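Okay, final12.txt is below, compact mmCIF, C-alpha atoms and all ligand atoms:
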# COMPACT_ATOMS: atom_id res chain seq x y z
CA MET E 1 -0.12 45.13 83.46
CA SER E 2 3.27 44.30 84.85
CA GLU E 3 6.54 45.00 83.12
CA ASP E 4 7.37 41.34 82.51
CA ARG E 5 3.93 40.71 81.10
CA ILE E 6 4.51 43.53 78.65
CA GLU E 7 7.92 42.06 77.91
CA SER E 8 6.55 38.61 77.19
CA LEU E 9 3.80 40.12 75.07
CA ARG E 10 6.45 41.95 73.13
CA ARG E 11 8.35 38.72 72.52
CA ALA E 12 5.15 36.97 71.47
CA VAL E 13 4.47 39.72 68.95
CA GLU E 14 8.00 39.49 67.60
CA ALA E 15 7.58 35.75 67.19
CA GLY E 16 4.21 36.14 65.49
CA PRO E 17 4.07 39.58 63.90
CA ASP E 18 0.85 38.76 62.03
CA ASP E 19 -1.18 37.99 65.14
CA ALA E 20 -3.27 41.14 65.17
CA MET E 21 -4.99 40.38 68.46
CA LEU E 22 -1.75 39.98 70.37
CA ARG E 23 -0.37 43.16 68.85
CA LEU E 24 -3.54 44.98 69.83
CA ILE E 25 -3.22 43.78 73.40
CA LEU E 26 0.42 44.85 73.47
CA ALA E 27 -0.45 48.29 72.11
CA GLU E 28 -3.12 48.69 74.76
CA ALA E 29 -0.81 47.53 77.53
CA LEU E 30 1.82 50.05 76.47
CA LEU E 31 -0.77 52.79 76.32
CA ALA E 32 -2.04 51.91 79.78
CA ASP E 33 1.53 52.11 80.96
CA GLY E 34 1.84 55.67 79.69
CA ARG E 35 4.08 54.73 76.78
CA GLY E 36 2.02 56.43 74.09
CA GLY E 37 4.77 56.59 71.49
CA GLU E 38 5.61 52.88 71.58
CA SER E 39 1.97 51.99 71.70
CA LEU E 40 1.25 54.15 68.70
CA ALA E 41 3.86 52.35 66.62
CA HIS E 42 1.97 49.08 67.08
CA PHE E 43 -1.40 50.69 66.50
CA GLU E 44 -0.10 52.07 63.24
CA VAL E 45 1.02 48.63 62.08
CA LEU E 46 -2.53 47.44 62.72
CA LEU E 47 -4.03 50.43 60.94
CA GLN E 48 -1.90 49.80 57.89
CA ALA E 49 -2.81 46.13 57.87
CA GLY E 50 -6.48 47.07 58.09
CA ALA E 51 -6.62 44.99 61.26
CA LEU E 52 -7.72 47.63 63.72
CA PRO E 53 -11.24 47.12 65.09
CA PRO E 54 -13.23 50.38 64.98
CA GLU E 55 -13.73 50.24 68.75
CA SER E 56 -10.00 50.72 69.11
CA LEU E 57 -9.84 53.93 67.12
CA LEU E 58 -10.34 56.00 70.24
CA GLN E 59 -7.45 54.30 71.95
CA VAL E 60 -5.25 55.07 68.99
CA GLY E 61 -6.47 58.63 69.31
CA ALA E 62 -5.49 58.63 72.99
CA ALA E 63 -2.07 57.21 72.12
CA ALA E 64 -1.64 59.83 69.43
CA LEU E 65 -2.55 62.53 71.93
CA GLU E 66 -0.04 61.13 74.38
CA ALA E 67 2.60 61.16 71.66
CA ASP E 68 1.60 64.72 70.91
CA ARG E 69 0.38 63.96 67.41
CA LEU E 70 -2.73 66.06 67.41
CA ASP E 71 -3.56 65.62 63.74
CA LEU E 72 -3.58 61.87 64.06
CA ALA E 73 -5.69 62.13 67.20
CA ARG E 74 -8.21 64.22 65.30
CA ALA E 75 -8.22 61.81 62.37
CA CYS E 76 -8.93 58.91 64.73
CA LEU E 77 -11.73 60.81 66.35
CA GLU E 78 -13.27 61.48 62.97
CA ALA E 79 -12.83 57.89 61.81
CA ALA E 80 -14.39 56.63 65.04
CA ARG E 81 -17.39 58.88 64.50
CA GLN E 82 -17.81 57.64 60.97
CA ALA E 83 -17.57 54.07 62.12
CA GLY E 84 -20.50 54.78 64.42
CA VAL E 85 -18.55 54.61 67.68
CA VAL E 86 -20.44 56.54 70.35
CA GLU E 87 -18.91 55.59 73.65
CA GLY E 88 -15.91 57.70 74.58
CA VAL E 89 -16.06 60.01 71.60
CA ALA E 90 -17.09 63.05 73.61
CA ALA E 91 -14.39 62.40 76.20
CA LEU E 92 -11.62 62.18 73.63
CA GLN E 93 -12.99 65.24 71.89
CA ARG E 94 -12.63 67.17 75.15
CA GLN E 95 -9.09 65.90 75.54
CA VAL E 96 -8.17 67.05 72.08
CA GLU E 97 -9.76 70.44 72.68
CA ASP E 98 -7.90 70.76 75.95
CA ARG E 99 -4.65 70.00 74.26
CA VAL E 100 -5.32 72.54 71.56
CA ALA E 101 -6.13 75.15 74.20
CA GLU E 102 -3.02 74.23 76.16
CA ARG E 103 -0.91 74.63 73.10
CA SER E 104 -2.32 77.96 72.06
CA GLY E 105 -1.74 79.12 75.60
CA ALA E 106 -5.36 80.06 75.86
CA ASP E 107 -7.17 79.76 79.13
CA ARG E 108 -8.37 76.22 79.45
CA LEU E 109 -11.76 77.20 78.24
CA ARG E 110 -13.60 74.07 77.45
CA VAL E 111 -16.75 73.56 75.54
CA ARG E 112 -18.42 70.71 77.30
CA ALA E 113 -21.08 68.77 75.54
CA ASP E 114 -22.82 67.90 78.80
CA GLY E 115 -25.80 65.70 78.24
CA ALA E 116 -24.90 65.14 74.62
CA ASP E 117 -24.04 61.53 75.28
CA GLY E 118 -26.96 60.58 77.42
CA ALA E 119 -25.90 62.22 80.65
CA ALA E 120 -28.76 64.71 80.62
CA GLY E 121 -30.26 65.11 84.05
CA GLY E 122 -27.17 63.67 85.71
CA PRO E 123 -26.30 60.05 86.23
CA TYR E 124 -28.99 59.42 88.82
CA ASP E 125 -32.46 58.24 88.11
CA ASP E 126 -35.15 59.40 90.47
CA ALA E 127 -34.88 57.53 93.69
CA GLY E 128 -38.10 55.50 93.67
CA PRO E 129 -37.90 51.70 93.81
CA GLU E 130 -36.85 50.18 90.49
CA SER E 131 -39.64 48.55 88.50
CA THR E 132 -37.57 46.35 86.17
CA THR E 133 -37.30 42.79 87.47
CA PHE E 134 -35.76 39.50 86.41
CA ALA E 135 -38.89 38.82 84.35
CA ASP E 136 -37.77 41.56 81.96
CA VAL E 137 -34.44 39.86 81.45
CA GLY E 138 -34.55 37.02 78.94
CA GLY E 139 -32.62 33.83 79.69
CA MET E 140 -29.59 34.16 81.99
CA ALA E 141 -30.96 31.54 84.38
CA GLU E 142 -27.53 30.79 85.87
CA VAL E 143 -26.57 34.41 86.37
CA LYS E 144 -29.95 35.25 87.86
CA LYS E 145 -29.59 32.39 90.32
CA LEU E 146 -26.14 33.56 91.36
CA VAL E 147 -27.19 37.16 91.80
CA HIS E 148 -30.30 36.11 93.66
CA ARG E 149 -28.17 34.22 96.15
CA MET E 150 -25.47 36.86 96.43
CA VAL E 151 -27.52 40.04 96.49
CA VAL E 152 -31.26 39.50 96.74
CA LEU E 153 -31.40 36.80 99.40
CA PRO E 154 -29.12 38.47 101.98
CA ARG E 155 -31.42 41.48 101.76
CA SER E 156 -34.74 39.69 101.83
CA ARG E 157 -33.77 37.09 104.45
CA PRO E 158 -31.13 38.81 106.61
CA GLU E 159 -32.01 36.69 109.67
CA LEU E 160 -31.04 33.52 107.82
CA PHE E 161 -27.65 34.93 107.00
CA GLU E 162 -27.15 36.22 110.50
CA ARG E 163 -27.96 32.86 112.02
CA TYR E 164 -25.19 31.28 110.02
CA GLY E 165 -22.80 34.11 110.66
CA ARG E 166 -22.67 34.95 106.98
CA ARG E 167 -21.97 38.60 106.39
CA ALA E 168 -23.92 40.35 103.66
CA GLY E 169 -22.03 42.96 101.70
CA GLY E 170 -19.17 42.97 99.27
CA GLY E 171 -19.84 44.07 95.76
CA VAL E 172 -20.69 42.13 92.64
CA LEU E 173 -18.78 42.80 89.45
CA LEU E 174 -20.44 41.71 86.21
CA TYR E 175 -18.29 41.28 83.16
CA GLY E 176 -18.69 40.04 79.63
CA PRO E 177 -19.17 41.15 76.04
CA PRO E 178 -21.15 44.33 75.41
CA GLY E 179 -24.89 44.16 74.89
CA CYS E 180 -25.43 40.95 76.83
CA GLY E 181 -27.49 42.43 79.62
CA LYS E 182 -25.10 43.53 82.38
CA THR E 183 -26.75 46.90 82.86
CA LEU E 184 -30.20 45.40 82.42
CA LEU E 185 -29.47 42.72 85.00
CA ALA E 186 -28.11 45.20 87.55
CA ARG E 187 -31.24 47.30 87.15
CA ALA E 188 -33.41 44.22 87.53
CA THR E 189 -31.50 43.23 90.66
CA ALA E 190 -32.54 46.49 92.28
CA GLY E 191 -36.10 45.73 91.16
CA GLU E 192 -35.95 42.25 92.72
CA CYS E 193 -34.79 43.81 96.00
CA GLY E 194 -37.50 46.48 95.76
CA LEU E 195 -34.77 49.13 96.03
CA PRO E 196 -33.97 52.27 94.07
CA PHE E 197 -31.36 51.93 91.34
CA LEU E 198 -28.61 54.53 91.05
CA ASN E 199 -26.80 54.23 87.78
CA VAL E 200 -23.41 55.92 87.56
CA ARG E 201 -21.41 55.63 84.38
CA ILE E 202 -17.71 56.03 85.07
CA GLU E 203 -17.33 58.08 81.93
CA ASP E 204 -19.73 60.64 83.40
CA VAL E 205 -17.68 60.80 86.59
CA ILE E 206 -14.43 61.52 84.82
CA ASP E 207 -13.47 65.13 84.37
CA PRO E 208 -10.22 66.47 83.01
CA TYR E 209 -9.87 69.03 85.79
CA GLN E 210 -7.58 67.96 88.56
CA GLY E 211 -9.43 66.41 91.46
CA VAL E 212 -12.91 66.76 90.01
CA SER E 213 -13.29 63.09 89.04
CA GLU E 214 -12.53 61.99 92.60
CA ARG E 215 -15.05 64.45 93.96
CA ASN E 216 -17.69 63.27 91.49
CA LEU E 217 -17.16 59.66 92.49
CA HIS E 218 -17.31 60.46 96.18
CA GLN E 219 -20.49 62.45 95.52
CA ALA E 220 -22.07 59.42 93.87
CA PHE E 221 -21.54 57.41 97.05
CA GLU E 222 -22.78 60.33 99.19
CA THR E 223 -25.94 60.50 97.12
CA ALA E 224 -26.44 56.76 97.49
CA ARG E 225 -26.04 56.99 101.26
CA ALA E 226 -28.53 59.86 101.34
CA VAL E 227 -31.06 57.79 99.41
CA GLY E 228 -30.77 54.98 101.97
CA PRO E 229 -30.96 51.31 101.04
CA CYS E 230 -30.38 51.13 97.30
CA VAL E 231 -28.31 49.54 94.58
CA LEU E 232 -25.48 51.77 93.43
CA PHE E 233 -24.33 50.60 90.04
CA LEU E 234 -20.96 51.68 88.66
CA ASP E 235 -21.37 51.04 84.98
CA GLU E 236 -18.61 50.71 82.43
CA LEU E 237 -15.73 50.48 84.87
CA ASP E 238 -13.62 50.22 81.71
CA GLY E 239 -13.67 54.01 81.89
CA LEU E 240 -11.16 53.82 84.74
CA ALA E 241 -8.60 52.17 82.50
CA TYR E 242 -9.44 54.65 79.80
CA ALA E 243 -8.70 57.43 82.28
CA ARG E 244 -5.39 55.81 83.04
CA HIS E 245 -4.56 55.96 79.34
CA LYS E 246 -5.35 59.62 79.22
CA HIS E 247 -4.20 61.04 82.50
CA ARG E 248 -0.91 59.26 82.79
CA GLY E 249 -0.46 57.68 86.15
CA SER E 250 -1.19 59.52 89.31
CA GLU E 251 -4.51 61.15 88.55
CA ALA E 252 -6.22 57.94 87.53
CA ARG E 253 -4.55 56.13 90.39
CA ARG E 254 -6.16 58.57 92.80
CA LEU E 255 -9.55 57.83 91.29
CA VAL E 256 -9.07 54.10 91.84
CA ASP E 257 -7.95 54.84 95.41
CA VAL E 258 -11.09 56.83 96.10
CA LEU E 259 -13.17 53.95 94.77
CA LEU E 260 -11.32 51.50 97.02
CA GLN E 261 -11.84 53.72 100.08
CA GLU E 262 -15.53 54.05 99.34
CA LEU E 263 -15.90 50.30 98.91
CA ASP E 264 -14.07 49.63 102.16
CA ALA E 265 -16.24 52.15 103.99
CA ILE E 266 -19.39 50.30 103.00
CA GLY E 267 -18.33 47.28 105.01
CA SER E 268 -18.56 49.33 108.19
CA ASP E 269 -21.72 51.29 107.56
CA ASN E 270 -25.21 49.93 107.73
CA THR E 271 -27.18 52.17 105.43
CA GLY E 272 -27.93 49.15 103.27
CA LEU E 273 -25.91 50.25 100.29
CA THR E 274 -25.36 47.53 97.70
CA VAL E 275 -22.69 48.16 95.12
CA MET E 276 -22.63 46.51 91.75
CA ALA E 277 -20.39 47.25 88.82
CA ALA E 278 -19.92 46.13 85.26
CA THR E 279 -17.12 46.09 82.76
CA ASN E 280 -16.45 44.84 79.26
CA ALA E 281 -12.74 44.73 80.03
CA PRO E 282 -12.13 42.59 83.13
CA TRP E 283 -8.44 42.37 82.22
CA ASP E 284 -8.13 46.08 82.92
CA VAL E 285 -9.56 45.83 86.41
CA ASP E 286 -7.10 46.58 89.16
CA GLU E 287 -6.34 43.50 91.28
CA ALA E 288 -6.83 45.56 94.43
CA MET E 289 -10.46 46.02 93.44
CA LEU E 290 -11.10 42.29 93.74
CA ARG E 291 -9.99 41.84 97.35
CA PRO E 292 -12.45 40.57 99.97
CA GLY E 293 -15.11 43.09 100.91
CA ARG E 294 -14.69 44.93 97.62
CA PHE E 295 -15.77 43.31 94.36
CA ASP E 296 -15.15 39.88 95.72
CA ARG E 297 -17.82 38.31 93.56
CA VAL E 298 -17.05 38.41 89.91
CA VAL E 299 -19.71 37.08 87.58
CA PHE E 300 -19.34 36.30 83.89
CA VAL E 301 -22.36 37.33 81.84
CA PRO E 302 -22.00 35.27 78.66
CA PRO E 303 -23.81 35.79 75.39
CA PRO E 304 -27.26 34.21 75.64
CA ASP E 305 -27.49 30.49 74.85
CA GLU E 306 -30.09 29.13 72.45
CA ALA E 307 -32.95 28.93 74.93
CA ALA E 308 -32.10 32.39 76.24
CA ARG E 309 -32.07 33.79 72.72
CA ALA E 310 -35.57 32.49 72.06
CA ASP E 311 -36.60 34.06 75.35
CA ILE E 312 -35.03 37.41 74.48
CA LEU E 313 -36.58 37.41 71.02
CA ARG E 314 -39.97 36.91 72.67
CA VAL E 315 -39.32 39.74 75.12
CA HIS E 316 -38.53 42.13 72.30
CA ALA E 317 -41.32 41.00 69.96
CA ALA E 318 -43.89 41.08 72.76
CA ALA E 319 -45.81 44.02 71.29
CA VAL E 320 -45.51 43.16 67.58
CA PRO E 321 -48.55 41.89 65.62
CA GLY E 322 -48.10 38.28 64.57
CA ARG E 323 -45.59 37.45 67.32
CA ASP E 324 -47.52 34.29 68.26
CA GLY E 325 -46.93 32.78 64.85
CA VAL E 326 -43.17 33.22 65.13
CA ASP E 327 -40.93 30.22 65.63
CA ALA E 328 -38.56 31.88 68.10
CA ALA E 329 -36.66 28.62 68.58
CA ALA E 330 -35.84 28.47 64.87
CA VAL E 331 -34.49 32.01 64.91
CA ALA E 332 -32.57 31.28 68.11
CA ALA E 333 -30.95 28.28 66.45
CA ARG E 334 -29.59 30.52 63.72
CA THR E 335 -28.27 33.34 65.90
CA ALA E 336 -25.38 31.79 67.80
CA LEU E 337 -23.28 34.40 69.64
CA TYR E 338 -25.76 37.21 69.03
CA SER E 339 -25.98 39.45 72.09
CA GLY E 340 -29.27 40.54 73.61
CA ALA E 341 -28.75 43.92 72.01
CA ASP E 342 -28.12 42.24 68.62
CA LEU E 343 -31.35 40.29 68.99
CA ARG E 344 -33.21 43.45 69.76
CA ALA E 345 -31.73 44.91 66.57
CA VAL E 346 -32.89 41.84 64.63
CA VAL E 347 -36.46 42.35 65.83
CA GLU E 348 -36.25 46.06 65.05
CA HIS E 349 -34.98 45.43 61.52
CA ALA E 350 -37.74 42.92 60.89
CA VAL E 351 -40.33 45.35 62.24
CA ASP E 352 -39.00 48.12 59.98
CA GLU E 353 -39.61 45.85 57.02
CA LEU E 354 -43.16 45.23 58.20
CA ILE E 355 -43.76 48.95 58.45
CA GLU E 356 -42.46 49.43 54.90
CA GLU E 357 -44.78 46.70 53.74
CA ALA E 358 -47.71 48.17 55.65
CA LEU E 359 -47.09 51.53 54.00
CA ALA E 360 -46.96 49.92 50.58
CA THR E 361 -49.98 47.64 50.93
CA GLY E 362 -52.11 49.43 53.49
CA GLY E 363 -52.56 46.19 55.47
CA GLU E 364 -51.15 45.00 58.81
CA PRO E 365 -48.60 42.34 57.83
CA PRO E 366 -47.69 40.06 60.76
CA LEU E 367 -44.19 39.35 61.98
CA GLY E 368 -42.98 36.05 60.58
CA THR E 369 -40.09 33.66 61.04
CA PRO E 370 -38.68 34.30 57.55
CA GLY E 371 -38.64 38.05 58.19
CA LEU E 372 -36.70 37.54 61.41
CA LEU E 373 -34.24 35.18 59.76
CA ALA E 374 -33.65 37.64 56.95
CA ALA E 375 -33.07 40.41 59.49
CA ALA E 376 -30.65 38.18 61.40
CA GLY E 377 -28.64 37.81 58.20
CA ARG E 378 -28.11 41.54 58.19
CA VAL E 379 -26.96 41.83 61.81
CA ARG E 380 -23.46 40.66 62.64
CA PRO E 381 -23.07 39.10 66.09
CA SER E 382 -21.26 41.79 68.03
CA THR E 383 -19.75 39.48 70.65
CA LEU E 384 -17.19 38.01 68.23
CA ASP E 385 -14.56 40.69 68.78
CA TRP E 386 -14.86 40.37 72.51
CA LEU E 387 -14.62 36.60 72.41
CA GLN E 388 -11.53 36.71 70.20
CA ARG E 389 -9.93 39.06 72.65
CA ALA E 390 -10.95 37.01 75.66
CA LYS E 391 -9.50 33.95 73.97
CA ALA E 392 -6.17 35.71 73.59
CA TYR E 393 -6.20 36.66 77.27
CA VAL E 394 -7.13 33.24 78.49
CA GLU E 395 -4.60 31.49 76.30
CA PHE E 396 -1.76 33.91 76.22
CA ALA E 397 -1.77 35.91 79.38
CA ASN E 398 -2.09 32.78 81.46
CA GLN E 399 -5.04 34.23 83.25
CA GLY E 400 -7.07 31.10 82.72
CA GLU E 401 -7.69 30.76 86.42
CA ARG E 402 -9.21 34.16 86.78
CA TYR E 403 -11.34 33.58 83.69
CA GLU E 404 -12.31 30.00 84.31
CA ASP E 405 -15.90 30.67 83.38
CA VAL E 406 -14.88 32.36 80.16
CA ALA E 407 -12.46 29.55 79.34
CA ALA E 408 -15.21 26.99 79.85
CA TYR E 409 -17.55 29.02 77.70
CA LEU E 410 -14.95 29.32 74.94
CA ARG E 411 -14.69 25.53 74.92
CA THR E 412 -18.38 25.04 74.14
CA ARG E 413 -19.21 23.74 70.70
CA GLU E 414 -21.27 26.74 69.67
CA VAL E 415 -18.37 29.09 70.30
CA ARG E 416 -15.59 26.94 68.88
CA ARG E 417 -17.49 26.42 65.69
CA ARG E 418 -18.30 30.05 65.20
CA LEU E 419 -14.84 31.37 66.10
CA ALA E 420 -13.24 28.80 63.79
CA ARG E 421 -15.24 30.28 60.94
CA GLY E 422 -13.31 33.42 61.78
CA GLU E 423 -15.74 36.06 60.63
N1 LIG F 1 -31.04 39.06 78.54
C1 LIG F 1 -31.66 40.07 77.90
N2 LIG F 1 -33.02 40.13 77.84
C2 LIG F 1 -33.65 41.11 77.19
N3 LIG F 1 -33.02 42.13 76.57
C3 LIG F 1 -31.67 42.13 76.59
C4 LIG F 1 -30.93 41.11 77.26
N4 LIG F 1 -29.61 41.39 77.12
C5 LIG F 1 -29.54 42.54 76.41
N5 LIG F 1 -30.79 42.98 76.08
C6 LIG F 1 -31.11 44.18 75.31
O1 LIG F 1 -29.92 44.81 74.93
C7 LIG F 1 -29.82 46.11 75.53
C8 LIG F 1 -28.41 46.37 75.98
O2 LIG F 1 -28.10 45.54 77.07
P1 LIG F 1 -27.20 46.06 78.27
O3 LIG F 1 -27.78 45.56 79.54
O4 LIG F 1 -27.01 47.53 78.18
O5 LIG F 1 -25.84 45.31 77.92
P2 LIG F 1 -24.42 45.49 78.60
O6 LIG F 1 -24.61 46.34 79.82
O7 LIG F 1 -23.99 44.09 78.91
O8 LIG F 1 -23.56 46.12 77.55
C9 LIG F 1 -30.81 46.08 76.67
O9 LIG F 1 -31.30 47.36 76.97
C10 LIG F 1 -31.89 45.17 76.14
O10 LIG F 1 -32.75 45.85 75.28
MG MG F 2 -23.96 48.26 79.97

Write the structure described by the file as structure tokens, please.
Ligand SMILES: Nc1ncnc2c1ncn2[C@@H]1O[C@H](COP(=O)(O)OP(=O)(O)O)[C@@H](O)[C@H]1O
Ligand SMILES: [Mg+2]
Amino acid sequence: MSEDRIESLRRAVEAGPDDAMLRLILAEALLADGRGGESLAHFEVLLQAGALPPESLLQVGAAALEADRLDLARACLEAARQAGVVEGVAALQRQVEDRVAERSGADRLRVRADGADGAAGGPYDDAGPESTTFADVGGMAEVKKLVHRMVVLPRSRPELFERYGRRAGGGVLLYGPPGCGKTLLARATAGECGLPFLNVRIEDVIDPYQGVSERNLHQAFETARAVGPCVLFLDELDGLAYARHKHRGSEARRLVDVLLQELDAIGSDNTGLTVMAATNAPWDVDEAMLRPGRFDRVVFVPPPDEAARADILRVHAAAVPGRDGVDAAAVAARTALYSGADLRAVVEHAVDELIEEALATGGEPPLGTPGLLAAAGRVRPSTLDWLQRAKAYVEFANQGERYEDVAAYLRTREVRRRLARGE
């Protein structure tokens, strides 16, 4: 984020000191800019006001680390754990340990919890063709159509594209709130192309040792080239911005540069490598990444609409006794702004109740609409935080053009109504 954008954010916060979202964005911008101390001051205001979303605890921890306040960093780590945050916890833990080791002058002996956060066996699946297809993805008709045209078609009908002088290639960047099917869709895209799917989470690439992250990233592309035609998916690109918070400047910059070089190289090779990526934080994505031939196609993956929700509920209840008697449309109507992952949780909660009941009565109670509705009441739609934040970006940061799709989505009745309720 540029200096004047930070400056205007700062003025906006001064003018409206109670706007927690703006202050949060300012704190994050300062942190990204390597100004941990200043950033921390704003984070602490939010903490005291009880207005800090749990997902931000790790960033506060990173800011605290930057400002050399180890105790606060540890406290944030602990609070994040207790709040059930998973993503990024291990990475911050390593950072804190490193700092402790640095301080005590000990050799930088690190205890790495490799595999502890799902990285077991490395980031690569086996290299057979992917079996997930669009049929496994509920709803998302628009996004599927787009991806079909951008990725699947150029690979299945190359002659058509050649005839019209239309170059295949260039990466697709999916963005949107968490849990709405970005990873699932990328996987299914590989399945639609009949290609292997290589899933690389940026967090797994990043290593605190100098130069290792770059090598890991390069290695991911090497592996993909060795596999041959495949879909290489860089998941949770947000990790790059997170790295920038932690490594101050040049190190993280080098990682972005390596990524840019690799993307540019794809244009000139013909091994049939398709690159896709996803992020929850499009506002953190480096402009340079969006230039032609890189991620020049940026696709918003919104929370599922009503029809999509019914579809997703059916996908996740497919194996549950009694599913045919369920009025999925009725449940869909009552779950505005629930993500696909939330809907899966709804089905799981309802099923847990059925299992309880089965244990108590010895029968096989069927899934019913009331059970699902009750479960929905216990699951909070997790896209709200993201949408609030996106709203602030679209409105404040004057990035409406870049987020046209998001802006249009935010104007829909479903969203306006729900956000106005301000839960
Ligand atoms: N459109 C969808 N259809 C079916 N399941 C979905 C859908 N969207 C999300 N889910 C469920 O939620 C889980 C998390 O989705 P994921 O693709 O990881 O979200 P994201 O990558 O956007 O954070 C999926 O594994 C799947 O079980
Ligand atoms: Mg994902």

Discussion item. I need the residue nearest Leu260 of chain E from this list: E:Leu65, E:Ala288, E:Val152, E:Val227. Use all atoms listed in the file for the distance.
Written reply: E:Ala288

Fill in: Exercise answer, 7 Å around ligand LIG 1 (chain F) with only C-alpha atoms and all ligand atoms, as number ranges by chain
E: 136-140, 176-185, 304, 312, 315-316, 339-341, 344

For Arg215 of chain E: contacts at 10 Å, all atoms listed in the file, fewer than 4 positions along chain excluded, given as a tab-separated table (two decimals) with C-alpha atoms, in the frame of the given file:
chain	number	residue	atom	x	y	z
E	205	VAL	CA	-17.68	60.80	86.59
E	206	ILE	CA	-14.43	61.52	84.82
E	207	ASP	CA	-13.47	65.13	84.37
E	210	GLN	CA	-7.58	67.96	88.56
E	211	GLY	CA	-9.43	66.41	91.46
E	219	GLN	CA	-20.49	62.45	95.52
E	220	ALA	CA	-22.07	59.42	93.87
E	255	LEU	CA	-9.55	57.83	91.29
E	258	VAL	CA	-11.09	56.83	96.10

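Picture a line from atom CA of Asp327 of chain E to atom CA of Arg418 of chain E; it runs 22.6 Å.
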
Worksheet item: So, counting all atoms listed in the file, which residue among E:Ile6, E:Ala278, E:Val13, E:Ala29 is closest to ligand MG 2 (chain F)?
Response: E:Ala278

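Our summary of the geometry notes that atom CA of Pro129 of chain E is positioned 8.3 Å from atom CA of Cys230 of chain E.
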
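Going from atom CA of Ala41 of chain E to atom CA of Asp19 of chain E covers 15.3 Å.
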
Please list, as a PDB file with C-alpha atoms, in the coordinates of the input, the residues that have an atom at most 12 Å away from (-8.8, 56.6, 96.7) in the coordinates of this file, counting all atoms listed in the file.
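Listing of part.pdb after writing:
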ATOM      1  CA  GLY E 211      -9.430  66.410  91.460  1.00  0.00           C
ATOM      2  CA  SER E 213     -13.290  63.090  89.040  1.00  0.00           C
ATOM      3  CA  GLU E 214     -12.530  61.990  92.600  1.00  0.00           C
ATOM      4  CA  ARG E 215     -15.050  64.450  93.960  1.00  0.00           C
ATOM      5  CA  LEU E 217     -17.160  59.660  92.490  1.00  0.00           C
ATOM      6  CA  HIS E 218     -17.310  60.460  96.180  1.00  0.00           C
ATOM      7  CA  SER E 250      -1.190  59.520  89.310  1.00  0.00           C
ATOM      8  CA  GLU E 251      -4.510  61.150  88.550  1.00  0.00           C
ATOM      9  CA  ALA E 252      -6.220  57.940  87.530  1.00  0.00           C
ATOM     10  CA  ARG E 253      -4.550  56.130  90.390  1.00  0.00           C
ATOM     11  CA  ARG E 254      -6.160  58.570  92.800  1.00  0.00           C
ATOM     12  CA  LEU E 255      -9.550  57.830  91.290  1.00  0.00           C
ATOM     13  CA  VAL E 256      -9.070  54.100  91.840  1.00  0.00           C
ATOM     14  CA  ASP E 257      -7.950  54.840  95.410  1.00  0.00           C
ATOM     15  CA  VAL E 258     -11.090  56.830  96.100  1.00  0.00           C
ATOM     16  CA  LEU E 259     -13.170  53.950  94.770  1.00  0.00           C
ATOM     17  CA  LEU E 260     -11.320  51.500  97.020  1.00  0.00           C
ATOM     18  CA  GLN E 261     -11.840  53.720 100.080  1.00  0.00           C
ATOM     19  CA  GLU E 262     -15.530  54.050  99.340  1.00  0.00           C
ATOM     20  CA  LEU E 263     -15.900  50.300  98.910  1.00  0.00           C
ATOM     21  CA  ASP E 264     -14.070  49.630 102.160  1.00  0.00           C
ATOM     22  CA  ALA E 265     -16.240  52.150 103.990  1.00  0.00           C
ATOM     23  CA  ALA E 288      -6.830  45.560  94.430  1.00  0.00           C
ATOM     24  CA  MET E 289     -10.460  46.020  93.440  1.00  0.00           C
TER      25      MET E 289
END

Worksheet item: Which is closer to Pro282 of chain E than all the others in E:Asn199, E:Ala75, E:Asp238, E:Gly128, using only C-alpha atoms?
Response: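 When distances to Pro282 of chain E are compared using only C-alpha atoms, the smallest one comes from E:Asp238.
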
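Proximity of E:Pro229, E:Gly267, E:Gly239, E:Pro321 to Asn280 of chain E, computed with only C-alpha atoms, is greatest for E:Gly239.
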
Practice prompt. May I ask which of the residues E:Tyr164, E:Trp386, E:Phe300, E:Tyr175 is the closest one to ligand MG 2 (chain F), counting only C-alpha atoms and all ligand atoms?
Written response: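 Residue with the minimum atom-to-atom distance to ligand MG 2 (chain F): E:Tyr175.
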
Worksheet entry | Nearest-residue call for ligand MG 2 (chain F), choices E:Arg297, E:Arg201, E:Arg411, E:Arg402, using only C-alpha atoms and all ligand atoms |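 Going through E:Arg297, E:Arg201, E:Arg411, E:Arg402 one by one, the smallest distance to ligand MG 2 (chain F) is for E:Arg201.
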
Mind checking which residues fall within 10 Å of Leu57 of chain E, counting only C-alpha atoms, ignoring those fewer than 5 positions away in the same chain, and posting them as an mmCIF file with C-alpha atoms, in the frame of the given file?
data_model
loop_
_atom_site.group_PDB
_atom_site.id
_atom_site.type_symbol
_atom_site.label_atom_id
_atom_site.label_comp_id
_atom_site.auth_asym_id
_atom_site.auth_seq_id
_atom_site.Cartn_x
_atom_site.Cartn_y
_atom_site.Cartn_z
ATOM 1 C CA PHE E 43 -1.400 50.690 66.500
ATOM 2 C CA LEU E 47 -4.030 50.430 60.940
ATOM 3 C CA LEU E 52 -7.720 47.630 63.720
ATOM 4 C CA ALA E 62 -5.490 58.630 72.990
ATOM 5 C CA ALA E 63 -2.070 57.210 72.120
ATOM 6 C CA ALA E 73 -5.690 62.130 67.200
ATOM 7 C CA ALA E 75 -8.220 61.810 62.370
ATOM 8 C CA CYS E 76 -8.930 58.910 64.730
ATOM 9 C CA LEU E 77 -11.730 60.810 66.350
ATOM 10 C CA GLU E 78 -13.270 61.480 62.970
ATOM 11 C CA ALA E 79 -12.830 57.890 61.810
ATOM 12 C CA ALA E 80 -14.390 56.630 65.040
ATOM 13 C CA ARG E 81 -17.390 58.880 64.500
ATOM 14 C CA ALA E 83 -17.570 54.070 62.120
ATOM 15 C CA VAL E 85 -18.550 54.610 67.680
ATOM 16 C CA VAL E 89 -16.060 60.010 71.600
#
